[in-house]
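Asks: This one is run_39.cif, mmCIF, C-alpha atoms.
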```cif
data_target
#
loop_
_atom_site.label_atom_id
_atom_site.label_comp_id
_atom_site.auth_asym_id
_atom_site.auth_seq_id
_atom_site.Cartn_x
_atom_site.Cartn_y
_atom_site.Cartn_z
CA MET U 933 -19.64 6.72 -24.47
CA SER U 934 -15.95 6.25 -23.86
CA ALA U 935 -13.91 9.18 -25.12
CA PHE U 936 -11.16 6.73 -26.12
CA LEU U 937 -13.12 5.84 -29.24
CA ASP U 938 -12.92 9.40 -30.55
CA SER U 939 -9.15 9.70 -30.54
CA ASP U 940 -7.52 10.73 -33.79
CA LEU U 941 -4.10 9.11 -34.19
CA PRO U 942 -2.18 8.82 -37.48
CA PRO U 943 -2.00 5.12 -38.45
CA ASP U 944 1.80 5.03 -38.62
CA ALA U 945 2.29 6.75 -35.26
CA VAL U 946 2.58 3.57 -33.21
CA PRO U 947 5.34 1.88 -35.24
CA ARG U 948 7.21 5.17 -35.49
CA ALA U 949 6.92 5.79 -31.76
CA ARG U 950 8.07 2.24 -31.12
CA ALA U 951 11.17 2.96 -33.21
CA GLY U 952 11.94 5.93 -30.96
CA ASP U 953 10.47 8.77 -33.03
CA VAL U 954 9.80 11.49 -30.44
CA ALA U 955 7.34 13.33 -32.70
CA ALA U 956 5.23 10.16 -32.99
CA GLN U 957 5.40 9.65 -29.23
CA GLU U 958 4.16 13.18 -28.77
CA ALA U 959 1.36 12.50 -31.29
CA ILE U 960 0.24 9.57 -29.14
CA TYR U 961 0.26 11.80 -26.08
CA ARG U 962 -1.69 14.55 -27.86
CA ALA U 963 -4.27 12.09 -29.23
CA PHE U 964 -4.95 10.39 -25.92
CA GLN U 965 -4.14 12.90 -23.21
CA LYS U 966 -7.73 14.02 -22.85
CA PRO U 967 -9.41 10.60 -22.57
CA VAL U 968 -6.65 9.34 -20.27
CA ARG U 969 -6.86 12.40 -18.02
CA THR U 970 -10.66 12.26 -18.04
CA LEU U 971 -10.78 8.58 -17.13
CA ALA U 972 -8.15 9.05 -14.41
CA ARG U 973 -10.11 12.00 -13.05
CA ARG U 974 -13.36 10.02 -12.96
CA LEU U 975 -11.76 7.13 -11.12
CA VAL U 976 -9.54 9.25 -8.85
CA PRO U 977 -11.42 12.41 -7.95
CA ARG U 978 -8.47 14.33 -6.51
CA ALA U 979 -7.26 16.31 -9.52
CA SER U 980 -3.55 16.46 -8.64
CA GLN U 981 -3.39 12.68 -8.15
CA ALA U 982 -5.34 12.03 -11.33
CA GLU U 983 -2.99 14.25 -13.37
CA ASP U 984 0.01 12.54 -11.82
CA LEU U 985 -1.42 9.12 -12.70
CA ALA U 986 -2.14 10.26 -16.26
CA HIS U 987 1.54 11.17 -16.67
CA ASP U 988 2.51 7.76 -15.31
CA VAL U 989 0.15 6.12 -17.79
CA PHE U 990 1.92 7.76 -20.74
CA VAL U 991 5.33 6.83 -19.38
CA GLU U 992 4.19 3.20 -19.19
CA VAL U 993 2.52 3.35 -22.60
CA LEU U 994 5.62 4.76 -24.30
CA GLN U 995 7.96 2.40 -22.48
CA SER U 996 5.83 -0.66 -23.27
CA LEU U 997 5.03 -0.01 -26.93
CA SER U 998 6.95 -3.13 -27.89
CA GLN U 999 4.43 -5.18 -25.89
CA TYR U 1000 1.48 -3.89 -27.89
CA ASP U 1001 0.93 -6.68 -30.42
CA GLY U 1002 -1.70 -4.86 -32.48
CA ARG U 1003 -4.40 -7.48 -31.93
CA GLY U 1004 -6.79 -5.20 -30.04
CA SER U 1005 -7.34 -1.50 -30.60
CA PHE U 1006 -4.51 0.75 -29.50
CA ALA U 1007 -7.02 3.01 -27.71
CA GLY U 1008 -8.33 0.00 -25.79
CA TRP U 1009 -4.79 -0.96 -24.80
CA ILE U 1010 -4.13 2.53 -23.42
CA ARG U 1011 -7.47 2.50 -21.63
CA THR U 1012 -6.62 -0.82 -19.96
CA ILE U 1013 -3.30 0.60 -18.72
CA THR U 1014 -5.10 3.68 -17.41
CA VAL U 1015 -7.73 1.66 -15.56
CA ARG U 1016 -5.16 -0.72 -14.09
CA LYS U 1017 -2.95 2.11 -12.88
CA CYS U 1018 -5.85 4.00 -11.31
CA LEU U 1019 -7.19 0.91 -9.56
CA MET U 1020 -3.72 0.10 -8.25
CA HIS U 1021 -3.52 3.62 -6.90
CA LEU U 1022 -6.93 3.33 -5.23
CA ARG U 1023 -5.87 0.05 -3.60
CA SER U 1024 -2.57 1.46 -2.31
CA PRO U 1025 -2.26 1.83 1.46
CA TRP U 1026 -1.05 5.40 0.89
CA HIS U 1027 -4.29 6.36 -0.87
CA ARG U 1028 -6.44 4.58 1.69
CA GLY U 1029 -4.67 6.45 4.47
CA LEU U 1030 -5.21 9.72 2.65
CA ARG U 1031 -8.92 8.99 2.21
CA TRP U 1032 -9.19 8.37 5.92
CA VAL U 1033 -7.49 11.69 6.72
CA GLU U 1034 -9.66 13.50 4.16
CA GLY U 1035 -12.73 12.16 5.87
CA LEU U 1036 -11.73 14.16 8.94
CA MET U 1037 -11.23 17.39 7.01
CA PRO U 1038 -13.56 19.70 5.01
CA PRO U 1039 -13.51 19.16 1.23
CA ASP U 1040 -11.03 21.28 -0.72
CA ALA U 1041 -10.84 22.69 -4.22
CA ASP U 1042 -8.60 19.92 -5.50
CA ALA U 1043 -11.42 17.40 -5.32
CA ALA U 1044 -13.65 16.83 -8.36
CA GLY U 1045 -15.66 19.80 -9.47
CA GLY U 1046 -13.35 22.34 -7.89
CA GLY U 1047 -10.94 24.82 -9.40
CA PRO U 1048 -11.31 27.75 -11.75
CA ALA U 1049 -10.98 25.62 -14.90
CA ASP U 1050 -14.25 23.90 -14.00
CA ALA U 1051 -16.26 27.10 -13.90
CA SER U 1052 -17.52 26.69 -17.48
CA ARG U 1053 -19.38 23.47 -16.75
CA SER U 1054 -23.09 23.50 -16.06
CA GLY U 1055 -24.59 23.17 -12.62
CA ARG U 1056 -26.07 19.75 -13.38
CA SER U 1057 -22.69 18.42 -14.57
CA LEU U 1058 -20.95 19.81 -11.51
CA ASP U 1059 -23.56 18.25 -9.23
CA LEU U 1060 -23.07 14.91 -10.92
CA GLU U 1061 -19.28 15.18 -10.74
CA ARG U 1062 -19.42 16.09 -7.07
CA ALA U 1063 -21.81 13.25 -6.37
CA LEU U 1064 -19.53 10.87 -8.24
CA ALA U 1065 -16.57 12.07 -6.18
CA GLN U 1066 -18.47 11.33 -2.98
CA LEU U 1067 -18.95 7.67 -3.81
CA GLY U 1068 -16.67 5.08 -2.34
CA ASP U 1069 -13.65 4.27 -4.53
CA THR U 1070 -14.97 0.88 -5.62
CA ALA U 1071 -18.53 2.04 -6.29
CA ARG U 1072 -17.28 4.99 -8.31
CA ALA U 1073 -14.92 2.84 -10.36
CA VAL U 1074 -17.65 0.29 -11.04
CA VAL U 1075 -20.33 2.77 -12.09
CA TRP U 1076 -17.93 4.57 -14.41
CA LEU U 1077 -16.40 1.47 -15.95
CA HIS U 1078 -19.76 -0.21 -16.44
CA ASP U 1079 -22.11 2.62 -17.35
CA VAL U 1080 -19.70 4.78 -19.35
CA GLU U 1081 -16.73 2.71 -20.51
CA GLY U 1082 -18.88 -0.33 -21.24
CA TYR U 1083 -16.96 -2.93 -19.22
CA THR U 1084 -18.93 -6.05 -18.32
CA HIS U 1085 -19.47 -7.08 -14.71
CA ALA U 1086 -17.17 -10.05 -15.23
CA GLU U 1087 -14.38 -7.79 -16.52
CA ILE U 1088 -14.80 -5.34 -13.67
CA GLY U 1089 -14.92 -8.16 -11.12
CA ALA U 1090 -11.64 -9.50 -12.49
CA LEU U 1091 -10.04 -6.04 -12.39
CA LEU U 1092 -11.08 -5.66 -8.77
CA GLY U 1093 -9.83 -9.10 -7.86
CA GLY U 1094 -13.35 -10.38 -7.25
CA THR U 1095 -16.32 -11.71 -9.13
CA ALA U 1096 -19.09 -10.32 -11.32
CA SER U 1097 -21.33 -10.30 -8.24
CA LEU U 1098 -19.03 -7.82 -6.54
CA SER U 1099 -19.34 -5.52 -9.53
CA LYS U 1100 -23.13 -5.89 -9.65
CA SER U 1101 -23.58 -5.11 -5.97
CA GLN U 1102 -21.28 -2.09 -6.21
CA LEU U 1103 -23.22 -0.80 -9.21
CA VAL U 1104 -26.43 -0.99 -7.22
CA ARG U 1105 -24.81 0.88 -4.35
CA ALA U 1106 -23.44 3.51 -6.67
CA HIS U 1107 -26.80 4.15 -8.33
CA ALA U 1108 -28.65 4.31 -5.03
CA ARG U 1109 -26.08 6.69 -3.55
CA LEU U 1110 -25.96 8.92 -6.64
CA ARG U 1111 -29.73 9.18 -6.57
CA GLU U 1112 -29.62 10.07 -2.92
CA LEU U 1113 -26.99 12.75 -3.50
CA LEU U 1114 -28.57 14.23 -6.60
CA GLU U 1115 -32.16 14.20 -5.37
CA PRO U 1116 -32.01 14.32 -1.59
CA ASP U 1117 -35.71 15.20 -1.32
CA GLY U 1118 -37.00 13.19 -4.20
CA VAL U 1119 -35.79 9.71 -3.35
CA LYS U 1120 -38.73 7.46 -2.81
CA THR U 1121 -37.52 3.92 -2.92
CA PRO U 1122 -40.13 1.63 -1.49
CA CYS U 1123 -39.22 -0.90 -4.16
CA MET U 1124 -35.46 -0.59 -3.68
CA PRO U 1125 -34.49 -2.01 -0.32
CA VAL U 1126 -30.75 -1.64 -0.92
CA SER U 1127 -28.07 -0.36 1.34
CA THR U 1128 -26.79 3.11 0.50
CA ASN U 1129 -23.76 2.74 2.68
CA CYS U 1130 -20.82 3.09 0.30
CA MET I 428 -43.76 -6.41 -4.84
CA HIS I 429 -41.80 -3.82 -6.80
CA ALA I 430 -38.61 -4.58 -8.70
CA ARG I 431 -35.33 -4.21 -6.87
CA LEU I 432 -32.67 -1.82 -8.13
CA ASP I 433 -30.38 -4.67 -9.20
CA GLU I 434 -33.25 -6.09 -11.26
CA LEU I 435 -33.95 -2.70 -12.83
CA LEU I 436 -30.27 -2.31 -13.71
CA SER I 437 -30.27 -5.76 -15.27
CA LEU I 438 -33.36 -4.83 -17.28
CA ARG I 439 -31.69 -1.62 -18.40
CA ASP I 440 -28.58 -3.51 -19.52
CA GLY I 441 -30.55 -6.23 -21.28
CA ALA I 442 -29.26 -8.87 -18.87
CA PRO I 443 -31.41 -11.92 -18.04
CA VAL I 444 -34.18 -11.10 -15.56
CA ASP I 445 -36.99 -13.18 -14.13
CA ALA I 446 -40.00 -13.00 -16.46
CA ARG I 447 -42.28 -12.07 -13.54
CA VAL I 448 -40.11 -9.02 -12.78
CA ARG I 449 -40.20 -7.97 -16.41
CA ALA I 450 -43.99 -8.36 -16.50
CA HIS I 451 -44.32 -6.34 -13.30
CA VAL I 452 -42.19 -3.46 -14.60
CA ASP I 453 -44.26 -3.40 -17.79
CA GLU I 454 -47.37 -2.84 -15.73
CA CYS I 455 -46.10 -0.81 -12.77
CA ALA I 456 -45.75 2.94 -13.45
CA GLN I 457 -43.48 3.45 -10.44
CA CYS I 458 -41.05 0.73 -11.49
CA ALA I 459 -41.14 1.95 -15.10
CA THR I 460 -40.18 5.42 -13.85
CA GLU I 461 -37.34 3.98 -11.77
CA LEU I 462 -36.14 2.00 -14.77
CA ALA I 463 -36.16 5.15 -16.89
CA HIS I 464 -34.24 6.90 -14.15
CA THR I 465 -31.40 4.38 -14.18
CA GLY I 466 -31.10 4.91 -17.94
CA SER I 467 -31.21 8.66 -17.53
CA LEU I 468 -28.43 8.58 -14.94
CA GLN I 469 -26.31 6.50 -17.28
CA GLN I 470 -26.88 9.02 -20.09
CA SER I 471 -25.94 11.89 -17.77
CA LEU I 472 -22.70 10.14 -16.82
CA ARG I 473 -21.85 9.53 -20.46
CA ALA I 474 -22.63 13.14 -21.30
CA LEU I 475 -20.20 14.53 -18.73
CA ALA I 476 -17.69 16.72 -20.54
CA PRO I 477 -14.04 15.66 -20.65
CA VAL I 478 -11.81 17.35 -18.10
CA PRO I 479 -10.61 20.80 -19.15
CA ASP I 480 -7.09 21.27 -20.49
CA ALA I 481 -4.42 21.22 -17.83
CA ALA I 482 -2.84 24.52 -16.82
CA THR I 483 0.55 23.29 -18.01
CA ASP I 484 1.42 21.08 -20.96
CA GLY I 485 1.88 17.57 -19.63
CA TRP I 486 4.13 16.41 -22.48
CA ALA I 487 7.21 18.05 -20.90
CA GLU I 488 6.46 16.22 -17.66
CA VAL I 489 6.03 12.88 -19.48
CA GLN I 490 9.36 13.42 -21.29
CA SER I 491 11.08 14.24 -18.03
CA ARG I 492 9.72 11.08 -16.40
CA LEU I 493 10.79 9.00 -19.39
CA ALA I 494 14.33 10.44 -19.19
CA ALA I 495 14.41 9.80 -15.45
CA ALA I 496 13.20 6.22 -15.95
CA ARG I 497 15.86 5.61 -18.61
CA ALA I 498 18.60 7.00 -16.37
CA LYS I 499 17.39 4.92 -13.45
CA ALA I 500 17.22 1.77 -15.55
CA SER I 501 20.70 2.18 -16.98
CA LEU I 502 22.39 3.02 -13.66
CA PRO I 503 22.54 -0.51 -12.18
CA ALA I 504 23.78 -1.91 -15.48
CA ARG I 505 26.63 0.57 -15.56
CA VAL I 506 27.59 0.16 -11.94
CA ALA I 507 27.20 -3.63 -11.83
CA PRO I 508 30.57 -4.50 -13.45
CA TYR I 509 32.39 -2.27 -10.98
CA ALA I 510 30.46 -3.70 -8.06
CA ALA I 511 31.31 -7.20 -9.25
CA ALA I 512 34.98 -6.27 -9.66
CA ALA I 513 35.03 -4.72 -6.19
CA SER I 514 33.51 -7.89 -4.74
CA VAL I 515 36.17 -10.03 -6.41
CA VAL I 516 38.93 -7.79 -5.06
CA ALA I 517 37.40 -7.86 -1.59
CA LEU I 518 37.14 -11.65 -1.66
CA ALA I 519 40.72 -11.93 -2.87
CA LEU I 520 41.95 -9.67 -0.07
CA PHE I 521 39.95 -11.61 2.48
CA ALA I 522 41.39 -14.87 1.22
CA ALA I 523 44.92 -13.45 1.28
CA LEU I 524 44.54 -12.27 4.89
CA ARG I 525 42.79 -15.42 6.05
CA TRP I 526 45.25 -17.91 4.69
CA THR I 527 48.57 -16.17 5.18
CA ASP I 528 50.23 -19.48 6.02
CA VAL I 529 49.33 -20.88 2.66
CA PRO I 530 52.43 -20.98 0.49
CA ALA I 531 52.67 -17.95 -1.66
CA PRO I 532 51.42 -18.57 -5.15
CA ALA I 533 53.74 -18.40 -8.04
CA GLU I 534 54.52 -14.95 -9.27
CA PRO I 535 51.46 -13.90 -11.17
CA ARG I 536 51.89 -13.16 -14.73
CA SER I 537 51.72 -9.52 -15.48
CA ALA I 538 48.44 -8.25 -16.83
CA PRO I 539 48.29 -8.08 -20.55
CA LEU I 540 49.33 -4.72 -21.77
CA ILE I 541 46.38 -2.78 -23.05
CA VAL I 542 47.25 -0.24 -25.64
CA LEU I 543 44.97 2.70 -25.12
CA ASP I 544 43.54 4.52 -28.00
CA THR I 545 44.90 7.87 -26.86
CA GLU I 546 42.95 9.80 -29.44
CA SER I 547 39.73 8.24 -28.21
CA LEU I 548 40.72 8.92 -24.61
CA ASP I 549 41.45 12.56 -25.40
CA GLU I 550 38.12 12.85 -27.14
CA LEU I 551 36.34 11.39 -24.13
CA ARG I 552 38.12 13.79 -21.77
CA SER I 553 37.31 16.76 -23.93
CA ARG I 554 33.65 15.62 -24.26
CA SER I 555 33.50 15.27 -20.51
CA GLN I 556 34.84 18.81 -20.09
CA GLU I 557 32.27 20.15 -22.55
CA LEU I 558 29.51 18.50 -20.55
CA GLU I 559 30.95 19.95 -17.32
CA ALA I 560 30.81 23.40 -18.93
CA LEU I 561 27.21 22.81 -20.04
CA LEU I 562 26.26 21.70 -16.56
CA ALA I 563 27.91 24.75 -15.02
CA ALA I 564 25.98 27.01 -17.41
CA LEU I 565 22.62 25.63 -16.25
CA PRO I 566 20.79 27.57 -13.52
CA GLU I 567 21.03 26.54 -9.88
CA ARG I 568 18.83 23.62 -8.88
CA PRO I 569 15.44 24.66 -7.46
CA ALA I 570 14.98 24.65 -3.71
CA VAL I 571 11.96 22.37 -4.11
CA ALA I 572 12.53 19.68 -6.71
CA ARG I 573 10.29 16.97 -8.15
CA ALA I 574 11.08 13.51 -6.89
CA GLY I 575 10.78 12.20 -10.48
CA THR I 576 13.89 14.13 -11.55
CA SER I 577 15.61 14.81 -8.24
CA VAL I 578 16.31 11.19 -7.30
CA PRO I 579 17.94 10.20 -10.61
CA ILE I 580 19.93 13.48 -10.66
CA GLU I 581 21.34 12.71 -7.24
CA SER I 582 22.10 9.12 -8.28
CA LEU I 583 23.93 10.36 -11.37
CA GLU I 584 25.90 12.91 -9.35
CA ALA I 585 26.93 10.14 -6.97
CA GLN I 586 27.92 7.98 -9.93
CA VAL I 587 30.07 10.75 -11.41
CA GLN I 588 31.78 11.24 -8.01
CA TRP I 589 32.45 7.54 -7.79
CA LEU I 590 33.87 7.47 -11.32
CA ASP I 591 36.08 10.47 -10.52
CA HIS I 592 37.39 8.61 -7.50
CA GLN I 593 38.12 5.56 -9.62
CA LEU I 594 39.86 7.70 -12.24
CA THR I 595 41.99 9.31 -9.51
CA LEU I 596 42.95 5.89 -8.18
CA ALA I 597 43.75 4.66 -11.67
CA GLY I 598 45.90 7.76 -12.25
CA ALA I 599 47.74 7.43 -8.92
CA THR I 600 48.63 3.80 -9.48
CA GLY I 601 49.41 4.33 -13.10
CA GLN I 602 46.90 1.70 -14.11
CA ALA I 603 45.85 2.01 -17.66
CA THR I 604 43.42 -0.90 -17.57
CA GLY I 605 39.84 0.23 -17.70
CA THR I 606 40.63 3.93 -17.81
CA GLU I 607 39.01 4.39 -21.16
CA GLN I 608 35.88 2.58 -19.97
CA LEU I 609 35.79 4.76 -16.87
CA TRP I 610 35.94 7.90 -19.03
CA ARG I 611 33.29 6.47 -21.33
CA ASP I 612 31.01 5.83 -18.34
CA ARG I 613 31.72 9.31 -17.04
CA VAL I 614 30.70 10.87 -20.35
CA GLU I 615 27.51 8.79 -20.39
CA ALA I 616 26.64 9.73 -16.83
CA MET I 617 27.40 13.39 -17.46
CA ASN I 618 25.28 13.31 -20.59
CA SER I 619 22.27 11.94 -18.70
CA LEU I 620 22.91 14.40 -15.88
CA VAL I 621 22.93 17.39 -18.24
CA GLN I 622 19.71 16.20 -19.90
CA LEU I 623 17.93 15.74 -16.61
CA ARG I 624 19.14 19.06 -15.22
CA TYR I 625 17.98 20.72 -18.43
CA VAL I 626 14.52 19.17 -18.09
CA GLU I 627 14.41 20.20 -14.44
CA ALA I 628 15.32 23.78 -15.37
CA GLN I 629 12.54 23.79 -18.00
CA GLN I 630 10.03 22.60 -15.42
CA VAL I 631 10.97 25.49 -13.14
CA ASN I 632 10.42 27.95 -15.97
CA LEU I 633 6.96 26.56 -16.86
#
```
Would you encode the structure as structure tokens?
Replies:
Amino acid sequence: MSAFLDSDLPPDAVPRARAGDVAAQEAIYRAFQKPVRTLARRLVPRASQAEDLAHDVFVEVLQSLSQYDGRGSFAGWIRTITVRKCLMHLRSPWHRGLRWVEGLMPPDADAAGGGPADASRSGRSLDLERALAQLGDTARAVVWLHDVEGYTHAEIGALLGGTASLSKSQLVRAHARLRELLEPDGVKTPCMPVSTNC
Amino acid sequence: MHARLDELLSLRDGAPVDARVRAHVDECAQCATELAHTGSLQQSLRALAPVPDAATDGWAEVQSRLAAARAKASLPARVAPYAAAASVVALALFAALRWTDVPAPAEPRSAPLIVLDTESLDELRSRSQELEALLAALPERPAVARAGTSVPIESLEAQVQWLDHQLTLAGATGQATGTEQLWRDRVEAMNSLVQLRYVEAQQVNL
């Protein structure tokens, strides 16, 4: 389930941060840095870019506190900013160009699942993270937002500038491709005539 | 005919599915296994651990970006009045050169005498000198700088240079008008510059 729901923020932190209290702003950062970084990392597999985006998310959150009207949950508001920023990054021509160049080069340690800090995670988790990183940007975003963060197809379709059908078809692609990557020998899909081309 | 993956995903999510598909999955072991698999994959995704802690504390970086954003946002507002004044002067000069045959206007009234608060001006000068000393005490700028801090630092340095030029001009012509504001702007710019350079120096030490 979404890690945003587990955040532990003092109730008066938001109004204090809005009034310019730096300690309260830091409390917001400390409470949400992990879910924001995790979500950014799941949507943008390159670690350095995901960390950079997470910093940008907090800058926007702290600069826009006056726009948070308190109607929805604060965690949900931060999550929306994170998702929007990551999707904007994935749509940017710069990122698309980089993906094209990366496709010509061998994978490096900066991609998901790499790096010494990841050594503690189990083999199954690493396999899943690597498989997730190999999905197309849209399929990866859809499977994570739908299956983990609990977004509806209509919400995801709107975020992607499309319809619920776009989200549904990308979810099917993502599941088929993940299955293919995680069980290369065990995929028997006579009843699933779907394209696995992400 | 077995269920398609989109139908299995809809079944998993409790979305509306054709009753015949539902009945088939209830009876077909292969489709039931596939349905369980979609649920299992979802559980595995949800069970993925959060990313490990970053090697460096990101709060310093967020603070630095916030300071840079504030400096960037305030720069146009501070420069705008001077840009507008420069435009007016340029237009006036152009008009004077263009229509030299136009009868000379009546002798303009002298500008109202502005009595400067000399104490305040002295304070501003001394504050500016203190900030200069602080800036000089900071370590040299790194050879490779972050764009997030480097760009606003360079903008602020340019602004301070421009203000120095304006202060020199004001001093040479003996104009008192606006001098205090120029010093005030210089102190503000220097203050932001010192803060940003301090943050930049901290980043290098991390």
Asks: With a distance threshold of 6 Å and counting all atoms listed in the file, extract the residues of chain I near chain U and express them as a PDB file with C-alpha atoms, in the coordinates of the input.
Replies:
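Once written, iface-v7.pdb looks like this:
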```pdb
ATOM      1  CA  HIS I 429     -41.800  -3.820  -6.800  1.00  0.00           C
ATOM      2  CA  ALA I 430     -38.610  -4.580  -8.700  1.00  0.00           C
ATOM      3  CA  ARG I 431     -35.330  -4.210  -6.870  1.00  0.00           C
ATOM      4  CA  LEU I 432     -32.670  -1.820  -8.130  1.00  0.00           C
ATOM      5  CA  ASP I 433     -30.380  -4.670  -9.200  1.00  0.00           C
ATOM      6  CA  GLN I 469     -26.310   6.500 -17.280  1.00  0.00           C
ATOM      7  CA  ARG I 473     -21.850   9.530 -20.460  1.00  0.00           C
ATOM      8  CA  PRO I 477     -14.040  15.660 -20.650  1.00  0.00           C
ATOM      9  CA  VAL I 478     -11.810  17.350 -18.100  1.00  0.00           C
ATOM     10  CA  VAL I 489       6.030  12.880 -19.480  1.00  0.00           C
ATOM     11  CA  LEU I 493      10.790   9.000 -19.390  1.00  0.00           C
TER      12      LEU I 493
END
```
Asks: Can you tell me, as a ChimeraX atom specification, what residues are no more than 10 Å from Arg492 in chain I when counting all atoms listed in the file, ignoring any on the same chain fewer than 2 positions away?
Replies: /U:987-988,990-991 /I:486-490,494-498,574-576,623,626
Asks: Identify which of the residues I:Glu434, I:Lys499, I:Gln630, I:Ala511 lies closest to Asp484 in chain I, counting only C-alpha atoms when measuring atom-to-atom distances.
Replies: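 Using only C-alpha atoms, Asp484 in chain I sits closest to I:Gln630.
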Asks: For CA of Phe521 in chain I and CA of Leu609 in chain I, quote the distance in Å rounded to one decimal.
Replies: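 A separation of 25.7 Å between them.
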Asks: Box along x, y and z, 4 Å on every side, all listed atoms of range 1086-1100 of chain U inside: centre and edge lengths in Å to one decimal, as lines of an AutoDock Vina configuration file.
Replies:
```
center_x = -16.5
center_y = -8.5
center_z = -11.5
size_x = 21.3
size_y = 14.4
size_z = 18.0
```
Asks: Check what the PyMOL selection byres ((chain U and resi 1066) around 10) selects in the file above and give those residues as a VMD selection string.
Replies: chain U and resid 977 1043 to 1044 1060 to 1065 1067 to 1069 1071 to 1072 1106 1109 to 1110 1113 1130
Asks: Kindly save the residues from that selection, with C-alpha atoms included, as a PDB file, keeping the file's coordinate frame.
Replies:
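Printed below is out_17.pdb as written:
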```
ATOM      1  CA  PRO U 977     -11.420  12.410  -7.950  1.00  0.00           C
ATOM      2  CA  ALA U1043     -11.420  17.400  -5.320  1.00  0.00           C
ATOM      3  CA  ALA U1044     -13.650  16.830  -8.360  1.00  0.00           C
ATOM      4  CA  LEU U1060     -23.070  14.910 -10.920  1.00  0.00           C
ATOM      5  CA  GLU U1061     -19.280  15.180 -10.740  1.00  0.00           C
ATOM      6  CA  ARG U1062     -19.420  16.090  -7.070  1.00  0.00           C
ATOM      7  CA  ALA U1063     -21.810  13.250  -6.370  1.00  0.00           C
ATOM      8  CA  LEU U1064     -19.530  10.870  -8.240  1.00  0.00           C
ATOM      9  CA  ALA U1065     -16.570  12.070  -6.180  1.00  0.00           C
ATOM     10  CA  LEU U1067     -18.950   7.670  -3.810  1.00  0.00           C
ATOM     11  CA  GLY U1068     -16.670   5.080  -2.340  1.00  0.00           C
ATOM     12  CA  ASP U1069     -13.650   4.270  -4.530  1.00  0.00           C
ATOM     13  CA  ALA U1071     -18.530   2.040  -6.290  1.00  0.00           C
ATOM     14  CA  ARG U1072     -17.280   4.990  -8.310  1.00  0.00           C
ATOM     15  CA  ALA U1106     -23.440   3.510  -6.670  1.00  0.00           C
ATOM     16  CA  ARG U1109     -26.080   6.690  -3.550  1.00  0.00           C
ATOM     17  CA  LEU U1110     -25.960   8.920  -6.640  1.00  0.00           C
ATOM     18  CA  LEU U1113     -26.990  12.750  -3.500  1.00  0.00           C
ATOM     19  CA  CYS U1130     -20.820   3.090   0.300  1.00  0.00           C
TER      20      CYS U1130
END
```
Asks: State, in Å with one decimal place, the distance from CA of Asp549 in chain I to CA of Glu607 in chain I.
Replies: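 Answer for the CA of Asp549 in chain I to CA of Glu607 in chain I separation: 9.5 Å.
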Asks: Excluding Pro566 in chain I and any residue of its chain fewer than 6 positions from it, enumerate the residues within 10 Å of it, using all atoms listed in the file, and give them as a VMD selection string.
Replies: chain I and resid 624 to 625 627 to 628
Asks: Using all atoms listed in the file for the distances, tell me which of I:Glu584, I:Glu454, I:Asp440, I:Asp445 is nearest to Thr1084 in chain U.
Replies: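 That would be I:Asp440, the residue with the smallest distance to Thr1084 in chain U.
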Asks: Would you work out the distance separating CA of Arg1011 in chain U from CA of Leu975 in chain U, expressed in Å to one decimal?
Replies: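 We find that CA of Arg1011 in chain U and CA of Leu975 in chain U lie 12.3 Å from each other.
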Asks: Expanded to explicit residues, what is the PyMOL selection byres ((chain I and resi 621) around 10) for this file, as a list in words?
Replies: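 Applied to this file, the PyMOL selection byres ((chain I and resi 621) around 10) returns Leu558, Glu559, Ala560, Leu561, Leu562, Ala563, Leu565, Ile580, Leu583, Glu615, Ala616, Met617, Asn618, Ser619, Leu620, Gln622, Leu623, Arg624, Tyr625, Val626 and Glu627 of chain I.
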Asks: Let me make sure I understand: among I:Ala500, I:Leu548, I:Ala564, I:Leu520, which one has the smallest atom-to-atom distance to Arg613 in chain I if we use all atoms listed in the file?
Replies: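 Nearest to Arg613 in chain I: I:Leu548.
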Asks: Smallest atom-to-atom distance to Cys455 in chain I: which of I:Val587, I:Leu468, I:Met428, I:Ala481, using only C-alpha atoms?
Replies: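 Among the listed residues, I:Met428 lies closest to Cys455 in chain I.
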